[in-house]
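Below is input.cif, holding mmCIF, N, CA and C atoms.
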```cif
data_target
#
loop_
_atom_site.label_atom_id
_atom_site.label_comp_id
_atom_site.auth_asym_id
_atom_site.auth_seq_id
_atom_site.Cartn_x
_atom_site.Cartn_y
_atom_site.Cartn_z
N GLN O 130 179.46 66.37 316.76
CA GLN O 130 180.45 65.47 316.17
C GLN O 130 179.96 64.03 316.32
N VAL O 131 180.35 63.18 315.40
CA VAL O 131 179.93 61.79 315.39
C VAL O 131 181.16 60.90 315.43
N GLN O 132 181.13 59.92 316.29
CA GLN O 132 182.18 58.89 316.31
C GLN O 132 181.60 57.58 315.80
N LEU O 133 182.34 56.93 314.93
CA LEU O 133 181.87 55.70 314.29
C LEU O 133 182.83 54.56 314.61
N VAL O 134 182.27 53.42 314.99
CA VAL O 134 183.08 52.25 315.32
C VAL O 134 182.54 51.04 314.57
N GLU O 135 183.37 50.50 313.66
CA GLU O 135 182.97 49.34 312.89
C GLU O 135 183.35 48.05 313.62
N SER O 136 182.61 47.00 313.31
CA SER O 136 182.92 45.66 313.82
C SER O 136 182.34 44.63 312.86
N GLY O 137 182.78 43.39 313.04
CA GLY O 137 182.22 42.30 312.26
C GLY O 137 183.08 41.78 311.14
N GLY O 138 184.22 42.40 310.92
CA GLY O 138 185.11 41.91 309.89
C GLY O 138 185.75 40.60 310.28
N GLY O 139 186.43 39.98 309.32
CA GLY O 139 187.11 38.72 309.61
C GLY O 139 187.51 38.00 308.35
N LEU O 140 187.86 36.74 308.52
CA LEU O 140 188.28 35.89 307.41
C LEU O 140 187.15 34.93 307.06
N VAL O 141 186.81 34.85 305.79
CA VAL O 141 185.72 33.99 305.34
C VAL O 141 186.10 33.38 304.00
N GLN O 142 185.59 32.21 303.73
CA GLN O 142 185.85 31.58 302.44
C GLN O 142 184.94 32.19 301.36
N ALA O 143 185.39 32.09 300.13
CA ALA O 143 184.58 32.56 299.00
C ALA O 143 183.21 31.87 299.03
N GLY O 144 182.18 32.68 298.78
CA GLY O 144 180.81 32.18 298.84
C GLY O 144 180.16 32.37 300.20
N GLY O 145 180.95 32.72 301.18
CA GLY O 145 180.43 32.89 302.53
C GLY O 145 179.83 34.27 302.75
N SER O 146 179.43 34.51 304.00
CA SER O 146 178.77 35.76 304.37
C SER O 146 179.40 36.37 305.61
N LEU O 147 179.28 37.68 305.70
CA LEU O 147 179.66 38.44 306.89
C LEU O 147 178.66 39.58 307.05
N ARG O 148 178.47 40.02 308.29
CA ARG O 148 177.68 41.21 308.54
C ARG O 148 178.52 42.21 309.32
N LEU O 149 178.73 43.36 308.71
CA LEU O 149 179.45 44.43 309.37
C LEU O 149 178.46 45.33 310.09
N SER O 150 178.91 45.85 311.23
CA SER O 150 178.11 46.82 311.99
C SER O 150 178.92 48.08 312.18
N CYS O 151 178.22 49.18 312.30
CA CYS O 151 178.87 50.47 312.56
C CYS O 151 178.01 51.19 313.59
N ALA O 152 178.56 51.34 314.79
CA ALA O 152 177.85 52.01 315.87
C ALA O 152 178.25 53.48 315.91
N ALA O 153 177.27 54.35 315.96
CA ALA O 153 177.52 55.79 315.98
C ALA O 153 177.20 56.38 317.34
N SER O 154 178.03 57.30 317.76
CA SER O 154 177.79 57.99 319.03
C SER O 154 176.92 59.22 318.77
N GLY O 155 176.37 59.76 319.83
CA GLY O 155 175.63 61.01 319.71
C GLY O 155 174.16 60.82 319.46
N ARG O 156 173.43 61.91 319.59
CA ARG O 156 171.99 61.88 319.47
C ARG O 156 171.50 62.30 318.09
N THR O 157 172.43 62.56 317.18
CA THR O 157 172.05 63.14 315.90
C THR O 157 172.16 62.14 314.76
N PHE O 158 172.12 60.86 315.07
CA PHE O 158 172.33 59.83 314.05
C PHE O 158 171.37 59.99 312.89
N THR O 159 170.13 60.34 313.18
CA THR O 159 169.13 60.41 312.12
C THR O 159 169.29 61.63 311.20
N THR O 160 170.22 62.50 311.53
CA THR O 160 170.48 63.64 310.64
C THR O 160 171.55 63.32 309.60
N TYR O 161 172.07 62.11 309.65
CA TYR O 161 173.14 61.71 308.73
C TYR O 161 172.71 60.57 307.82
N SER O 162 173.03 60.73 306.55
CA SER O 162 173.04 59.58 305.66
C SER O 162 174.33 58.82 305.94
N MET O 163 174.29 57.52 305.72
CA MET O 163 175.44 56.68 306.07
C MET O 163 175.93 55.92 304.85
N GLY O 164 177.23 55.68 304.84
CA GLY O 164 177.80 54.95 303.72
C GLY O 164 178.85 53.95 304.17
N TRP O 165 179.10 52.99 303.32
CA TRP O 165 180.21 52.06 303.48
C TRP O 165 181.14 52.21 302.27
N PHE O 166 182.41 52.26 302.56
CA PHE O 166 183.46 52.31 301.54
C PHE O 166 184.45 51.20 301.84
N ARG O 167 185.28 50.87 300.87
CA ARG O 167 186.32 49.88 301.10
C ARG O 167 187.59 50.26 300.37
N GLN O 168 188.69 49.78 300.94
CA GLN O 168 190.00 50.07 300.37
C GLN O 168 190.85 48.82 300.39
N ALA O 169 191.20 48.35 299.19
CA ALA O 169 192.09 47.20 299.06
C ALA O 169 193.54 47.69 299.09
N PRO O 170 194.49 46.81 299.43
CA PRO O 170 195.89 47.22 299.50
C PRO O 170 196.37 47.84 298.20
N GLY O 171 196.97 49.01 298.31
CA GLY O 171 197.54 49.67 297.14
C GLY O 171 196.53 50.33 296.23
N LYS O 172 195.26 50.35 296.66
CA LYS O 172 194.22 50.94 295.82
C LYS O 172 193.51 52.07 296.55
N GLU O 173 192.76 52.86 295.80
CA GLU O 173 192.04 53.96 296.41
C GLU O 173 190.78 53.46 297.10
N ARG O 174 190.30 54.25 298.04
CA ARG O 174 189.07 53.91 298.74
C ARG O 174 187.88 54.13 297.80
N LYS O 175 186.98 53.14 297.79
CA LYS O 175 185.86 53.18 296.86
C LYS O 175 184.52 53.00 297.55
N PHE O 176 183.51 53.57 296.94
CA PHE O 176 182.14 53.47 297.44
C PHE O 176 181.62 52.03 297.34
N VAL O 177 180.88 51.61 298.37
CA VAL O 177 180.25 50.29 298.37
C VAL O 177 178.73 50.43 298.41
N ALA O 178 178.24 51.16 299.41
CA ALA O 178 176.79 51.28 299.60
C ALA O 178 176.49 52.49 300.46
N ALA O 179 175.26 53.00 300.32
CA ALA O 179 174.83 54.13 301.15
C ALA O 179 173.34 53.99 301.45
N ILE O 180 172.92 54.67 302.52
CA ILE O 180 171.52 54.61 302.94
C ILE O 180 171.10 55.99 303.42
N SER O 181 169.86 56.35 303.11
CA SER O 181 169.34 57.65 303.49
C SER O 181 169.09 57.73 304.99
N ARG O 182 168.77 58.92 305.45
CA ARG O 182 168.57 59.15 306.89
C ARG O 182 167.47 58.26 307.47
N SER O 183 166.41 58.12 306.73
CA SER O 183 165.29 57.32 307.22
C SER O 183 165.46 55.83 306.95
N GLY O 184 166.35 55.51 306.03
CA GLY O 184 166.53 54.12 305.62
C GLY O 184 165.68 53.72 304.44
N ASP O 185 164.89 54.66 303.92
CA ASP O 185 163.98 54.33 302.83
C ASP O 185 164.70 54.15 301.49
N SER O 186 165.84 54.79 301.34
CA SER O 186 166.55 54.72 300.06
C SER O 186 167.94 54.14 300.27
N THR O 187 168.32 53.26 299.36
CA THR O 187 169.65 52.65 299.42
C THR O 187 170.31 52.72 298.04
N TYR O 188 171.63 52.71 298.05
CA TYR O 188 172.41 52.85 296.82
C TYR O 188 173.60 51.90 296.90
N TYR O 189 173.96 51.32 295.76
CA TYR O 189 175.02 50.33 295.74
C TYR O 189 175.96 50.53 294.56
N ALA O 190 177.21 50.17 294.78
CA ALA O 190 178.14 50.05 293.66
C ALA O 190 177.73 48.86 292.83
N ASP O 191 177.97 48.94 291.53
CA ASP O 191 177.60 47.85 290.64
C ASP O 191 178.24 46.53 291.06
N SER O 192 179.43 46.61 291.60
CA SER O 192 180.19 45.40 291.93
C SER O 192 179.58 44.60 293.09
N VAL O 193 178.69 45.22 293.86
CA VAL O 193 178.11 44.53 295.01
C VAL O 193 176.59 44.38 294.92
N LYS O 194 175.98 44.94 293.91
CA LYS O 194 174.52 44.85 293.77
C LYS O 194 174.07 43.40 293.73
N GLY O 195 173.02 43.12 294.49
CA GLY O 195 172.50 41.76 294.54
C GLY O 195 173.20 40.86 295.53
N ARG O 196 174.34 41.30 296.07
CA ARG O 196 175.08 40.50 297.04
C ARG O 196 175.14 41.17 298.42
N PHE O 197 175.23 42.47 298.44
CA PHE O 197 175.34 43.22 299.69
C PHE O 197 174.04 43.97 299.97
N THR O 198 173.72 44.13 301.25
CA THR O 198 172.55 44.89 301.66
C THR O 198 172.92 45.82 302.81
N ILE O 199 172.64 47.09 302.62
CA ILE O 199 172.86 48.07 303.68
C ILE O 199 171.53 48.33 304.38
N SER O 200 171.60 48.48 305.69
CA SER O 200 170.41 48.79 306.48
C SER O 200 170.83 49.60 307.70
N ARG O 201 169.85 50.17 308.38
CA ARG O 201 170.15 50.93 309.58
C ARG O 201 169.04 50.75 310.60
N ASP O 202 169.42 50.86 311.85
CA ASP O 202 168.49 50.82 312.97
C ASP O 202 168.68 52.13 313.72
N ASN O 203 167.81 53.08 313.50
CA ASN O 203 167.99 54.40 314.10
C ASN O 203 167.79 54.39 315.62
N ALA O 204 167.05 53.42 316.11
CA ALA O 204 166.88 53.31 317.56
C ALA O 204 168.17 52.86 318.24
N LYS O 205 169.01 52.17 317.49
CA LYS O 205 170.29 51.66 318.03
C LYS O 205 171.48 52.46 317.52
N ASN O 206 171.24 53.49 316.72
CA ASN O 206 172.34 54.30 316.15
C ASN O 206 173.36 53.41 315.43
N THR O 207 172.86 52.48 314.65
CA THR O 207 173.75 51.50 314.01
C THR O 207 173.37 51.32 312.55
N VAL O 208 174.38 51.19 311.72
CA VAL O 208 174.20 50.85 310.32
C VAL O 208 174.90 49.53 310.06
N TYR O 209 174.31 48.74 309.18
CA TYR O 209 174.82 47.39 308.90
C TYR O 209 175.16 47.23 307.42
N LEU O 210 176.04 46.29 307.16
CA LEU O 210 176.30 45.86 305.79
C LEU O 210 176.32 44.34 305.78
N GLN O 211 175.26 43.77 305.25
CA GLN O 211 175.19 42.31 305.09
C GLN O 211 175.86 41.95 303.77
N MET O 212 176.85 41.10 303.83
CA MET O 212 177.62 40.73 302.64
C MET O 212 177.48 39.25 302.40
N ASN O 213 176.87 38.90 301.29
CA ASN O 213 176.67 37.50 300.90
C ASN O 213 177.45 37.19 299.64
N SER O 214 177.60 35.92 299.37
CA SER O 214 178.30 35.46 298.15
C SER O 214 179.63 36.19 297.98
N LEU O 215 180.39 36.23 299.03
CA LEU O 215 181.65 36.98 299.02
C LEU O 215 182.65 36.38 298.04
N LYS O 216 183.43 37.27 297.45
CA LYS O 216 184.45 36.89 296.47
C LYS O 216 185.81 37.37 296.98
N PRO O 217 186.89 36.75 296.51
CA PRO O 217 188.21 37.21 296.92
C PRO O 217 188.44 38.70 296.63
N GLU O 218 187.84 39.20 295.57
CA GLU O 218 188.02 40.61 295.23
C GLU O 218 187.28 41.55 296.17
N ASP O 219 186.49 41.01 297.10
CA ASP O 219 185.87 41.84 298.13
C ASP O 219 186.82 42.09 299.30
N THR O 220 187.97 41.46 299.29
CA THR O 220 188.94 41.65 300.35
C THR O 220 189.39 43.11 300.41
N ALA O 221 189.26 43.70 301.58
CA ALA O 221 189.59 45.12 301.76
C ALA O 221 189.36 45.51 303.22
N VAL O 222 189.79 46.70 303.55
CA VAL O 222 189.36 47.32 304.80
C VAL O 222 188.07 48.08 304.50
N TYR O 223 187.06 47.81 305.30
CA TYR O 223 185.75 48.43 305.10
C TYR O 223 185.56 49.55 306.11
N TYR O 224 185.15 50.71 305.60
CA TYR O 224 184.97 51.89 306.42
C TYR O 224 183.51 52.33 306.41
N CYS O 225 183.05 52.72 307.56
CA CYS O 225 181.74 53.32 307.72
C CYS O 225 181.94 54.84 307.72
N ALA O 226 180.98 55.56 307.15
CA ALA O 226 181.09 57.02 307.09
C ALA O 226 179.72 57.67 307.20
N ALA O 227 179.73 58.92 307.68
CA ALA O 227 178.49 59.67 307.85
C ALA O 227 178.58 60.98 307.09
N THR O 228 177.47 61.36 306.47
CA THR O 228 177.42 62.62 305.75
C THR O 228 176.13 63.36 306.07
N SER O 229 176.22 64.67 306.14
CA SER O 229 175.03 65.48 306.36
C SER O 229 174.28 65.73 305.05
N ASN O 230 174.87 65.33 303.93
CA ASN O 230 174.20 65.46 302.64
C ASN O 230 173.11 64.41 302.51
N SER O 231 172.02 64.81 301.90
CA SER O 231 170.93 63.86 301.66
C SER O 231 170.70 63.60 300.18
N ASP O 232 171.26 64.44 299.34
CA ASP O 232 171.08 64.26 297.90
C ASP O 232 171.85 63.03 297.44
N SER O 233 171.19 62.19 296.67
CA SER O 233 171.81 60.93 296.24
C SER O 233 173.07 61.16 295.43
N TYR O 234 173.19 62.31 294.79
CA TYR O 234 174.39 62.62 294.00
C TYR O 234 175.65 62.52 294.86
N TYR O 235 175.53 62.94 296.12
CA TYR O 235 176.71 63.03 296.98
C TYR O 235 177.04 61.72 297.70
N LEU O 236 176.08 60.81 297.80
CA LEU O 236 176.24 59.68 298.71
C LEU O 236 177.26 58.66 298.25
N SER O 237 177.60 58.64 296.98
CA SER O 237 178.62 57.72 296.50
C SER O 237 179.99 58.37 296.38
N ARG O 238 180.07 59.62 296.80
CA ARG O 238 181.30 60.39 296.61
C ARG O 238 182.01 60.65 297.92
N LEU O 239 183.18 60.09 298.05
CA LEU O 239 183.96 60.08 299.28
C LEU O 239 184.18 61.47 299.88
N PRO O 240 184.51 62.51 299.08
CA PRO O 240 184.83 63.82 299.69
C PRO O 240 183.66 64.46 300.45
N TYR O 241 182.45 63.98 300.20
CA TYR O 241 181.29 64.62 300.82
C TYR O 241 180.92 64.00 302.17
N TYR O 242 181.71 63.05 302.62
CA TYR O 242 181.46 62.45 303.93
C TYR O 242 182.24 63.20 305.01
N ASP O 243 181.57 63.41 306.14
CA ASP O 243 182.12 64.25 307.19
C ASP O 243 182.88 63.47 308.25
N TYR O 244 182.43 62.26 308.53
CA TYR O 244 183.02 61.47 309.62
C TYR O 244 183.28 60.05 309.13
N TRP O 245 184.36 59.47 309.67
CA TRP O 245 184.81 58.14 309.25
C TRP O 245 185.14 57.29 310.47
N GLY O 246 184.87 55.99 310.34
CA GLY O 246 185.33 55.05 311.33
C GLY O 246 186.77 54.64 311.07
N GLN O 247 187.28 53.76 311.92
CA GLN O 247 188.68 53.34 311.81
C GLN O 247 188.87 52.19 310.83
N GLY O 248 187.79 51.56 310.43
CA GLY O 248 187.85 50.47 309.46
C GLY O 248 187.90 49.10 310.10
N THR O 249 187.42 48.12 309.36
CA THR O 249 187.47 46.73 309.78
C THR O 249 187.90 45.87 308.58
N GLN O 250 188.80 44.94 308.83
CA GLN O 250 189.37 44.13 307.75
C GLN O 250 188.43 42.98 307.38
N VAL O 251 188.20 42.84 306.09
CA VAL O 251 187.47 41.69 305.54
C VAL O 251 188.40 40.98 304.57
N THR O 252 188.62 39.69 304.82
CA THR O 252 189.48 38.90 303.96
C THR O 252 188.69 37.69 303.46
N VAL O 253 188.63 37.54 302.14
CA VAL O 253 187.91 36.44 301.53
C VAL O 253 188.92 35.52 300.85
N SER O 254 188.99 34.29 301.30
CA SER O 254 189.94 33.34 300.74
C SER O 254 189.29 32.54 299.62
N SER O 255 190.10 32.17 298.65
CA SER O 255 189.57 31.42 297.49
C SER O 255 189.63 29.93 297.73
#
```
Could you write out this file's structure as C-alpha coordinates?
Amino acid sequence: QVQLVESGGGLVQAGGSLRLSCAASGRTFTTYSMGWFRQAPGKERKFVAAISRSGDSTYYADSVKGRFTISRDNAKNTVYLQMNSLKPEDTAVYYCAATSNSDSYYLSRLPYYDYWGQGTQVTVSS
(Lines of atoms letter the chains of each structure in order from A and count residues from 1; the text may use other names and numbers.)
(Lines give C-alpha, C1' and ligand atoms only; values in the text may rest on other atoms or scores of the structure.)
Protein backbone atom coordinates (compact mmCIF):
# COMPACT_ATOMS: atom_id res chain seq x y z
CA GLN A 1 0.00 0.00 0.00
CA VAL A 2 1.14 3.56 -0.69
CA GLN A 3 0.42 6.65 1.36
CA LEU A 4 0.69 10.02 -0.35
CA VAL A 5 1.06 13.39 1.35
CA GLU A 6 0.90 16.62 -0.66
CA SER A 7 2.38 19.95 0.38
CA GLY A 8 3.24 23.31 -1.11
CA GLY A 9 -0.17 24.76 -1.81
CA GLY A 10 -1.11 28.30 -0.91
CA LEU A 11 -2.29 31.68 -2.11
CA VAL A 12 -0.47 33.32 -5.01
CA GLN A 13 -1.17 36.20 -7.36
CA ALA A 14 -1.86 35.63 -11.04
CA GLY A 15 1.40 35.21 -12.92
CA GLY A 16 3.14 33.76 -9.90
CA SER A 17 4.57 30.30 -9.25
CA LEU A 18 4.16 27.46 -6.79
CA ARG A 19 5.80 24.06 -6.45
CA LEU A 20 3.75 21.21 -5.09
CA SER A 21 5.37 18.15 -3.57
CA CYS A 22 3.96 14.71 -2.94
CA ALA A 23 5.84 12.39 -0.61
CA ALA A 24 5.12 8.68 -0.92
CA SER A 25 5.61 6.06 1.75
CA GLY A 26 6.91 2.57 1.14
CA ARG A 27 9.68 0.99 -0.83
CA THR A 28 7.72 0.47 -4.03
CA PHE A 29 7.59 4.04 -5.31
CA THR A 30 9.33 3.15 -8.56
CA THR A 31 6.63 0.62 -9.43
CA TYR A 32 4.06 3.40 -9.73
CA SER A 33 3.40 5.99 -12.35
CA MET A 34 2.33 9.22 -10.67
CA GLY A 35 -0.23 11.83 -11.52
CA TRP A 36 -1.60 15.17 -10.41
CA PHE A 37 -5.29 15.98 -10.61
CA ARG A 38 -7.25 19.02 -9.50
CA GLN A 39 -10.77 19.77 -8.43
CA ALA A 40 -12.34 23.21 -8.41
CA PRO A 41 -15.39 23.94 -6.24
CA GLY A 42 -18.52 22.39 -7.70
CA LYS A 43 -16.61 20.70 -10.51
CA GLU A 44 -15.33 17.22 -11.20
CA ARG A 45 -11.76 16.19 -10.55
CA LYS A 46 -9.63 16.54 -13.66
CA PHE A 47 -6.27 15.35 -14.92
CA VAL A 48 -3.36 17.82 -14.78
CA ALA A 49 -0.14 15.89 -15.39
CA ALA A 50 1.42 12.44 -15.12
CA ILE A 51 4.90 10.93 -15.14
CA SER A 52 6.15 7.44 -15.87
CA ARG A 53 7.88 5.21 -13.34
CA SER A 54 11.34 6.19 -14.47
CA GLY A 55 10.47 9.82 -15.09
CA ASP A 56 11.38 9.59 -18.76
CA SER A 57 7.86 10.28 -20.01
CA THR A 58 5.51 13.06 -18.99
CA TYR A 59 1.96 13.95 -19.99
CA TYR A 60 -0.04 17.14 -19.55
CA ALA A 61 -3.54 18.46 -19.90
CA ASP A 62 -3.78 21.02 -22.67
CA SER A 63 -4.76 23.69 -20.15
CA VAL A 64 -1.39 23.50 -18.37
CA LYS A 65 1.05 22.64 -21.17
CA GLY A 66 3.98 25.02 -21.24
CA ARG A 67 3.21 26.33 -17.74
CA PHE A 68 3.38 23.28 -15.46
CA THR A 69 6.17 20.71 -15.15
CA ILE A 70 5.89 17.35 -13.43
CA SER A 71 9.01 15.61 -12.16
CA ARG A 72 9.99 12.93 -9.70
CA ASP A 73 12.92 12.04 -7.48
CA ASN A 74 12.84 8.29 -6.95
CA ALA A 75 15.61 8.45 -4.36
CA LYS A 76 13.35 10.68 -2.23
CA ASN A 77 10.04 8.95 -3.09
CA THR A 78 8.68 12.33 -4.14
CA VAL A 79 6.87 13.74 -7.14
CA TYR A 80 6.68 17.46 -7.87
CA LEU A 81 4.48 19.82 -9.82
CA GLN A 82 6.12 23.11 -10.73
CA MET A 83 3.41 25.61 -11.63
CA ASN A 84 4.36 28.83 -13.40
CA SER A 85 2.33 31.65 -14.93
CA LEU A 86 -0.57 30.76 -12.69
CA LYS A 87 -4.05 31.92 -13.61
CA PRO A 88 -7.17 32.35 -11.47
CA GLU A 89 -8.69 29.37 -13.27
CA ASP A 90 -5.92 27.18 -11.80
CA THR A 91 -7.53 27.61 -8.40
CA ALA A 92 -8.43 24.17 -7.07
CA VAL A 93 -7.53 21.44 -4.64
CA TYR A 94 -4.62 19.54 -6.15
CA TYR A 95 -4.34 15.81 -5.58
CA CYS A 96 -1.41 13.50 -6.04
CA ALA A 97 -2.15 9.93 -7.14
CA ALA A 98 -0.34 6.68 -7.87
CA THR A 99 -1.15 4.01 -10.41
CA SER A 100 0.36 0.64 -11.18
CA ASN A 101 -0.55 1.17 -14.84
CA SER A 102 2.27 2.18 -17.14
CA ASP A 103 0.39 2.53 -20.40
CA SER A 104 -0.03 6.18 -21.31
CA TYR A 105 -3.69 5.55 -22.18
CA TYR A 106 -4.49 5.10 -18.49
CA LEU A 107 -2.40 7.88 -16.97
CA SER A 108 -4.85 10.70 -17.67
CA ARG A 109 -7.84 8.69 -16.49
CA LEU A 110 -8.87 9.07 -12.87
CA PRO A 111 -10.47 5.60 -12.34
CA TYR A 112 -7.17 3.86 -13.06
CA TYR A 113 -5.36 5.39 -10.10
CA ASP A 114 -5.01 3.20 -7.04
CA TYR A 115 -3.94 5.61 -4.30
CA TRP A 116 -4.70 9.26 -3.56
CA GLY A 117 -3.38 11.95 -1.28
CA GLN A 118 -5.57 14.22 0.82
CA GLY A 119 -5.08 17.23 -1.45
CA THR A 120 -3.58 20.67 -1.11
CA GLN A 121 -5.36 23.95 -1.83
CA VAL A 122 -4.02 26.29 -4.51
CA THR A 123 -5.65 29.70 -4.79
CA VAL A 124 -4.68 32.17 -7.50
CA SER A 125 -5.91 35.72 -7.04
CA SER A 126 -6.46 38.08 -9.95
Give me, as a tab-separated table, the closest atom pair and its distance (Å, one decimal) for every residue of stretch 181-212 of chain O within a cut-off of 12 Å of stretch 231-238 of chain O, counting only C-alpha atoms, rows sorted by chain and rising number.
```
residue	atom	partner	partner_atom	distance
O:Ser181	CA	O:Ser231	CA	6.7
O:Arg182	CA	O:Ser231	CA	7.4
O:Ser183	CA	O:Ser231	CA	10.3
O:Gly184	CA	O:Ser231	CA	11.4
O:Asp185	CA	O:Ser231	CA	11.9
O:Ser186	CA	O:Ser233	CA	9.0
O:Thr187	CA	O:Ser233	CA	9.1
O:Tyr188	CA	O:Ser237	CA	7.9
O:Tyr189	CA	O:Ser237	CA	8.3
O:Ala190	CA	O:Ser237	CA	8.2
O:Asp191	CA	O:Ser237	CA	11.5
```
Margin query: When the PyMOL selection byres ((chain O and resi 206-217) around 5) is applied to the structure above, which residues does it catch, written out as a ChimeraX atom specification?
Written below: /O:143-153,196-205,218-220,253
Just so the selection is clear, what residues does the PyMOL selection byres (((chain O and resi 168 and name CA) around 10) and name CA) cover here, as a CSV table (one decimal) with N, CA and C atoms, in the coordinates of the input?
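part.csv was written with the following content:
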```
chain,number,residue,atom,x,y,z
O,166,PHE,N,182.4,52.3,302.6
O,166,PHE,CA,183.5,52.3,301.5
O,166,PHE,C,184.4,51.2,301.8
O,167,ARG,N,185.3,50.9,300.9
O,167,ARG,CA,186.3,49.9,301.1
O,167,ARG,C,187.6,50.3,300.4
O,169,ALA,N,191.2,48.4,299.2
O,169,ALA,CA,192.1,47.2,299.1
O,169,ALA,C,193.5,47.7,299.1
O,170,PRO,N,194.5,46.8,299.4
O,170,PRO,CA,195.9,47.2,299.5
O,170,PRO,C,196.4,47.8,298.2
O,171,GLY,N,197.0,49.0,298.3
O,171,GLY,CA,197.5,49.7,297.1
O,171,GLY,C,196.5,50.3,296.2
O,172,LYS,N,195.3,50.4,296.7
O,172,LYS,CA,194.2,50.9,295.8
O,172,LYS,C,193.5,52.1,296.6
O,173,GLU,N,192.8,52.9,295.8
O,173,GLU,CA,192.0,54.0,296.4
O,173,GLU,C,190.8,53.5,297.1
O,174,ARG,N,190.3,54.2,298.0
O,174,ARG,CA,189.1,53.9,298.7
O,174,ARG,C,187.9,54.1,297.8
O,175,LYS,N,187.0,53.1,297.8
O,175,LYS,CA,185.9,53.2,296.9
O,175,LYS,C,184.5,53.0,297.6
O,176,PHE,N,183.5,53.6,296.9
O,176,PHE,CA,182.1,53.5,297.4
O,176,PHE,C,181.6,52.0,297.3
O,177,VAL,N,180.9,51.6,298.4
O,177,VAL,CA,180.2,50.3,298.4
O,177,VAL,C,178.7,50.4,298.4
O,219,ASP,N,186.5,41.0,297.1
O,219,ASP,CA,185.9,41.8,298.1
O,219,ASP,C,186.8,42.1,299.3
O,220,THR,N,188.0,41.5,299.3
O,220,THR,CA,188.9,41.6,300.4
O,220,THR,C,189.4,43.1,300.4
O,221,ALA,N,189.3,43.7,301.6
O,221,ALA,CA,189.6,45.1,301.8
O,221,ALA,C,189.4,45.5,303.2
O,222,VAL,N,189.8,46.7,303.6
O,222,VAL,CA,189.4,47.3,304.8
O,222,VAL,C,188.1,48.1,304.5
O,223,TYR,N,187.1,47.8,305.3
O,223,TYR,CA,185.8,48.4,305.1
O,223,TYR,C,185.6,49.6,306.1
O,224,TYR,N,185.2,50.7,305.6
O,224,TYR,CA,185.0,51.9,306.4
O,224,TYR,C,183.5,52.3,306.4
O,248,GLY,N,187.8,51.6,310.4
O,248,GLY,CA,187.8,50.5,309.5
O,248,GLY,C,187.9,49.1,310.1
O,250,GLN,N,188.8,44.9,308.8
O,250,GLN,CA,189.4,44.1,307.8
O,250,GLN,C,188.4,43.0,307.4
```
Notebook entry, point to check: Evaluating the PyMOL selection byres ((chain O and resi 228) around 5) on the displayed file yields which residues, as a ChimeraX atom specification?
Noted result: /O:161-162,226-227,229-230,242-243
Notebook entry, point to check: In file coordinates, which residues lie within 5 Å of (174.2, 54.9, 306.8) using only N, CA and C atoms, given as a list in words?
Noted result: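 Checked against the point, the hits come out as Ser162, Met163, Gly164 and Ile180 of chain O.
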Checklist line | Those of chain O in DSSP strand (DSSP E or B), formatted as a ChimeraX atom specification | finding: /O:133-136,139-142,147-153,162-168,175-180,187-189,197-202,207-212,221-228,244-245,249-254
Next item on the list: Name all residues at most 6 Å from O:Gln247 (count all atoms listed in the file; drop same-chain ones fewer than 3 positions away) and give them as a PyMOL selection string.
Entry: chain O and resi 133-135+224
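Interatomic distance, atom C of O:Pro240 against atom C of O:Cys225: 12.2 Å.
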Item checked: Separation of atom CA of O:Ser254 from atom CA of O:Leu140, in Å and rounded to one decimal ->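 These two atoms are separated by 7.3 Å.
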Item checked: Between atom CA of O:Trp245 and atom N of O:Lys194 - distance in Å to one decimal ->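 Distance reported for this atom pair: 22.1 Å.
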Margin query: Quick check for you: according to DSSP on this backbone, which residues of chain O are classed as helix (DSSP H, G or I)? Reply as a PyMOL selection string.
Written below: chain O and resi 158-160+217-219+233-236+239-241
Margin query: Show me the residues close to (175.6, 61.8, 319.6) - anything with an atom within 9 Å, counting only C-alpha atoms - and format the list as JSON, numbers by chain.
Written below: {"O": [130, 131, 132, 153, 154, 155, 156, 157, 158, 206]}
